[in-house]
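**Q** Supplied in C-alpha cells, the structure appears directly below.
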Amino acid sequence: MGDSDQVAIFQPCASLPFGDIGEPLFVAVNGQQLLCSLDGQRIFFSRRELESFVNPPHLLGLFNGQPCYAVHQPEDNVPSGLVWNRLRSLLGTVDESIFNLAGRACQVVQWDCQHRYCGRCGRPTELSEGDRSRRCDHCQELFYPRLSPCVIAIVTRGDHCLLASSARWQGTFYSALAGFIEPGETAEEALHREVMEEVGIRVTNLQYFSSQPWPFPGQLMIGFHADYLSGEIQADGEEILTADWYHYMQLPPHPDEQTLSGRLIQHFVKSCQGRETT
C-alpha cells in the first residue's frame with residue numbers, strides 16, 4: 001500500500017510507547033531531498049529497501065502505529081526503484097500530514113549533520129539520551145534543532161486585501177506579507193514592524209488565524225488577519241517589489257490552500273462571499 005492510500009495519522013513522540021508496535025519505517029533524506037518511489041507518492045521504506053544509510057536513525061514518531069525514523073542517506077546511494085525528489089516538490093502532491101513529517105525528517109537530519117562539532121569550543125558532540133539535542137561533554141553546551149518563528153498576515157480593507165510580490169517573483173505572483181520575529185519581539189510586534197517596513201502602512205485589530213510548519217529550511221509560520229489602519233502603500237523595493245489592494249473577486253496569481261498564505265487569502269474571500277449572501 002502506498003503512503004497516499006493510508007489514513008495518515010502521525011503522532012510525534014520522543015520515545016516509543018510500551019506495547020506492541022509495527023515494523024519500523026524510514027524516511028531517507030539528504031539536505032532538502034528525500035528518497036521517493038518513482039511516482040513520488042511513497043517516502044516511507046523498510047530497512048531492507050534502503051540497503052544502507054549513514055549515522056544513527058532519529059525517531060520522528062508513530063505513523064499509523066508504526067515507528068518512523070529519519071536517516072541520512074548518501075546522495076550517490078540510490079536503491080533500485082527509488083529517486084531523489086526535492087522536499088518542495090511534495091507540497092500539494094502528498095497528504096499534508098505526510099508533507100509535514102517529511103519536513104520534520106529533513107530538519108532533524110540537517111540539525112544532526114550541522115552540529116557534529118561544538119560551536120563554542122570545537123570539540124565533537126554526542127547525541128543526548130534524554131531529549132533531541134547534541135551535547136558537548138567538554139564544555140557542556142547543548143545544541144537543539146533550530147526553529148525560526150515567522151509572522152504572516154493578510155491585511156484587509158473592506159472587500160480588498162493587500163497582496164505583495166517579492167523581487168524573486170517580479171510581479172508574476174503575489175502573497176500575504178511575512179517576516180521573521182526578531183529577538184525580544186512578540187508575534188504581534190513583529191507583524192506591525194514587518195508591515196510598516198515592507199509596505200509603509202499601519203494595521204490594527206490583529207486576529208490569530210492558524211500556524212504551519214514551513215521546512216525551508218526551518219520556519220514556523222504564525223498567521224494573522226489584520227485590518228488596515230492608515231498610510232499609503234510604499235513597497236520597500238528590496239524584499240517587496242510591488243504591492244497593492246485587490247478586490248476579493250479579482251485576485252492576482254497567489255498561493256493555494258496547501259500554504260498558510262493561501263488559507264489566509266481563501267478565508268478572506270469566503271468571508272466576503274458570506275457577507276454578500278446575508
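Chain identifiers are assigned as A, B, and so on, following the order in which chains appear in the C-alpha cells; residues are numbered from 1 within each chain, and ligands are numbered from 1 in order of appearance.
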If we count only C-alpha atoms, what is near His192 (chain A) at a cut-off of 10 Å, once residues fewer than 5 positions away on the same chain are taken out, given as a list in words?

**A**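 Counting only C-alpha atoms, the residues come to Val151, Ala153, Ala187, Glu197, Ile201, Arg202, Val203, Thr204, Leu206 and Ala226 of chain A.
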
**Q** Among the residues of region 2-89 of chain A, find those DSSP assigns to strand (DSSP E or B) from the backbone and print them as a PyMOL selection string.

**A** chain A and resi 10-12+25-30+33-37+45+54-63+66-72+82-86

**Q** Kindly save the residues from that selection, with C-alpha atoms included, as an mmCIF file, in the first residue's frame.

**A**
```cif
data_model
loop_
_atom_site.group_PDB
_atom_site.id
_atom_site.type_symbol
_atom_site.label_atom_id
_atom_site.label_comp_id
_atom_site.auth_asym_id
_atom_site.auth_seq_id
_atom_site.Cartn_x
_atom_site.Cartn_y
_atom_site.Cartn_z
ATOM 1 C CA PHE A 10 1.121 10.842 12.613
ATOM 2 C CA GLN A 11 1.887 11.092 16.314
ATOM 3 C CA PRO A 12 5.157 12.905 17.111
ATOM 4 C CA LEU A 25 9.546 2.779 8.707
ATOM 5 C CA PHE A 26 12.374 5.008 7.476
ATOM 6 C CA VAL A 27 12.447 8.365 5.681
ATOM 7 C CA ALA A 28 15.786 8.811 3.915
ATOM 8 C CA VAL A 29 16.955 12.379 3.357
ATOM 9 C CA ASN A 30 19.960 14.283 2.122
ATOM 10 C CA GLN A 33 15.998 15.902 -0.803
ATOM 11 C CA LEU A 34 14.060 12.748 0.047
ATOM 12 C CA LEU A 35 14.166 9.279 -1.446
ATOM 13 C CA CYS A 36 10.803 8.623 -3.090
ATOM 14 C CA SER A 37 9.148 5.998 -5.213
ATOM 15 C CA PHE A 45 10.532 2.429 3.352
ATOM 16 C CA VAL A 54 24.881 6.603 7.449
ATOM 17 C CA ASN A 55 24.632 7.913 11.010
ATOM 18 C CA PRO A 56 22.111 6.785 13.646
ATOM 19 C CA PRO A 57 18.374 6.958 12.811
ATOM 20 C CA HIS A 58 16.261 9.606 14.537
ATOM 21 C CA LEU A 59 12.810 8.765 15.849
ATOM 22 C CA LEU A 60 10.158 11.098 14.425
ATOM 23 C CA GLY A 61 7.070 9.472 15.936
ATOM 24 C CA LEU A 62 4.408 6.920 15.041
ATOM 25 C CA PHE A 63 2.833 6.805 11.584
ATOM 26 C CA GLN A 66 4.453 2.177 13.130
ATOM 27 C CA PRO A 67 7.622 3.801 14.485
ATOM 28 C CA CYS A 68 9.024 6.200 11.882
ATOM 29 C CA TYR A 69 12.688 7.228 11.708
ATOM 30 C CA ALA A 70 14.644 9.798 9.714
ATOM 31 C CA VAL A 71 18.002 8.688 8.313
ATOM 32 C CA HIS A 72 20.775 10.421 6.405
ATOM 33 C CA LEU A 82 13.805 4.993 -5.911
ATOM 34 C CA VAL A 83 14.705 8.576 -6.859
ATOM 35 C CA TRP A 84 15.710 11.766 -5.083
ATOM 36 C CA ASN A 85 12.951 14.408 -5.002
ATOM 37 C CA ARG A 86 13.145 17.911 -3.586
#
```

**Q** List the spatial neighbours of Arg263 (chain A) as a PyMOL selection string - criterion: any atom at most 12 Å away, only C-alpha atoms, same-chain residues fewer than 4 positions off excluded.

**A** chain A and resi 152-154+175-176+209-212+223-225+254-259+267-270

**Q** Do a neighbour search on Thr93 (chain A) at 12 Å with only C-alpha atoms, toss out local chain neighbours closer than 6 positions, and write the hits as a ChimeraX atom specification.

**A** /A:3-4,39-42,85,87,99,258

**Q** If DSSP is run on the backbone, what residues of region 106-260 of chain A are alpha helix (DSSP H)? A reply as a PDB file with N, CA and C atoms, in the first residue's frame would be ideal.

**A**
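For reference, states_38.pdb as written:
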```pdb
ATOM      1  N   CYS A 106      13.673  16.170   7.312  1.00  0.00           N
ATOM      2  CA  CYS A 106      14.766  16.968   6.743  1.00  0.00           C
ATOM      3  C   CYS A 106      15.391  17.873   7.798  1.00  0.00           C
ATOM      4  N   GLN A 107      14.570  18.480   8.637  1.00  0.00           N
ATOM      5  CA  GLN A 107      15.098  19.398   9.643  1.00  0.00           C
ATOM      6  C   GLN A 107      15.905  18.673  10.716  1.00  0.00           C
ATOM      7  N   VAL A 108      15.423  17.497  11.138  1.00  0.00           N
ATOM      8  CA  VAL A 108      16.128  16.748  12.175  1.00  0.00           C
ATOM      9  C   VAL A 108      17.479  16.261  11.661  1.00  0.00           C
ATOM     10  N   VAL A 109      17.514  15.730  10.441  1.00  0.00           N
ATOM     11  CA  VAL A 109      18.779  15.237   9.895  1.00  0.00           C
ATOM     12  C   VAL A 109      19.739  16.392   9.641  1.00  0.00           C
ATOM     13  N   GLN A 110      19.212  17.526   9.167  1.00  0.00           N
ATOM     14  CA  GLN A 110      20.072  18.694   8.937  1.00  0.00           C
ATOM     15  C   GLN A 110      20.691  19.169  10.252  1.00  0.00           C
ATOM     16  N   TRP A 111      19.878  19.229  11.313  1.00  0.00           N
ATOM     17  CA  TRP A 111      20.400  19.607  12.631  1.00  0.00           C
ATOM     18  C   TRP A 111      21.503  18.647  13.070  1.00  0.00           C
ATOM     19  N   ASP A 112      21.295  17.354  12.891  1.00  0.00           N
ATOM     20  CA  ASP A 112      22.277  16.367  13.319  1.00  0.00           C
ATOM     21  C   ASP A 112      23.595  16.524  12.552  1.00  0.00           C
ATOM     22  N   CYS A 113      23.496  16.788  11.255  1.00  0.00           N
ATOM     23  CA  CYS A 113      24.706  16.929  10.435  1.00  0.00           C
ATOM     24  C   CYS A 113      25.456  18.227  10.745  1.00  0.00           C
ATOM     25  N   GLN A 114      24.729  19.293  11.077  1.00  0.00           N
ATOM     26  CA  GLN A 114      25.352  20.606  11.259  1.00  0.00           C
ATOM     27  C   GLN A 114      25.959  20.812  12.645  1.00  0.00           C
ATOM     28  N   ALA A 187       4.884  38.164  18.625  1.00  0.00           N
ATOM     29  CA  ALA A 187       4.434  37.960  17.252  1.00  0.00           C
ATOM     30  C   ALA A 187       3.685  39.186  16.745  1.00  0.00           C
ATOM     31  N   GLU A 188       2.891  39.802  17.620  1.00  0.00           N
ATOM     32  CA  GLU A 188       2.118  40.982  17.217  1.00  0.00           C
ATOM     33  C   GLU A 188       3.039  42.166  16.902  1.00  0.00           C
ATOM     34  N   GLU A 189       4.060  42.369  17.721  1.00  0.00           N
ATOM     35  CA  GLU A 189       5.002  43.458  17.461  1.00  0.00           C
ATOM     36  C   GLU A 189       5.739  43.230  16.143  1.00  0.00           C
ATOM     37  N   ALA A 190       6.107  41.984  15.875  1.00  0.00           N
ATOM     38  CA  ALA A 190       6.795  41.670  14.624  1.00  0.00           C
ATOM     39  C   ALA A 190       5.900  41.946  13.421  1.00  0.00           C
ATOM     40  N   LEU A 191       4.624  41.641  13.555  1.00  0.00           N
ATOM     41  CA  LEU A 191       3.695  41.877  12.443  1.00  0.00           C
ATOM     42  C   LEU A 191       3.584  43.374  12.145  1.00  0.00           C
ATOM     43  N   HIS A 192       3.385  44.180  13.175  1.00  0.00           N
ATOM     44  CA  HIS A 192       3.308  45.634  12.970  1.00  0.00           C
ATOM     45  C   HIS A 192       4.576  46.142  12.295  1.00  0.00           C
ATOM     46  N   ARG A 193       5.741  45.691  12.782  1.00  0.00           N
ATOM     47  CA  ARG A 193       7.010  46.167  12.236  1.00  0.00           C
ATOM     48  C   ARG A 193       7.192  45.728  10.789  1.00  0.00           C
ATOM     49  N   GLU A 194       6.935  44.450  10.482  1.00  0.00           N
ATOM     50  CA  GLU A 194       7.153  43.944   9.136  1.00  0.00           C
ATOM     51  C   GLU A 194       6.258  44.644   8.119  1.00  0.00           C
ATOM     52  N   VAL A 195       4.991  44.855   8.474  1.00  0.00           N
ATOM     53  CA  VAL A 195       4.080  45.528   7.544  1.00  0.00           C
ATOM     54  C   VAL A 195       4.548  46.953   7.273  1.00  0.00           C
ATOM     55  N   MET A 196       4.969  47.645   8.313  1.00  0.00           N
ATOM     56  CA  MET A 196       5.454  49.011   8.133  1.00  0.00           C
ATOM     57  C   MET A 196       6.730  49.035   7.299  1.00  0.00           C
ATOM     58  N   GLU A 197       7.669  48.119   7.580  1.00  0.00           N
ATOM     59  CA  GLU A 197       8.931  48.098   6.843  1.00  0.00           C
ATOM     60  C   GLU A 197       8.732  47.740   5.377  1.00  0.00           C
ATOM     61  N   GLU A 198       7.829  46.817   5.099  1.00  0.00           N
ATOM     62  CA  GLU A 198       7.708  46.307   3.731  1.00  0.00           C
ATOM     63  C   GLU A 198       6.802  47.156   2.845  1.00  0.00           C
ATOM     64  N   VAL A 199       5.711  47.699   3.415  1.00  0.00           N
ATOM     65  CA  VAL A 199       4.779  48.450   2.561  1.00  0.00           C
ATOM     66  C   VAL A 199       4.371  49.804   3.144  1.00  0.00           C
ATOM     67  N   LEU A 260      -0.083  28.371   4.226  1.00  0.00           N
ATOM     68  CA  LEU A 260      -0.817  29.224   5.155  1.00  0.00           C
ATOM     69  C   LEU A 260      -1.228  30.528   4.491  1.00  0.00           C
TER      70      LEU A 260
END
```
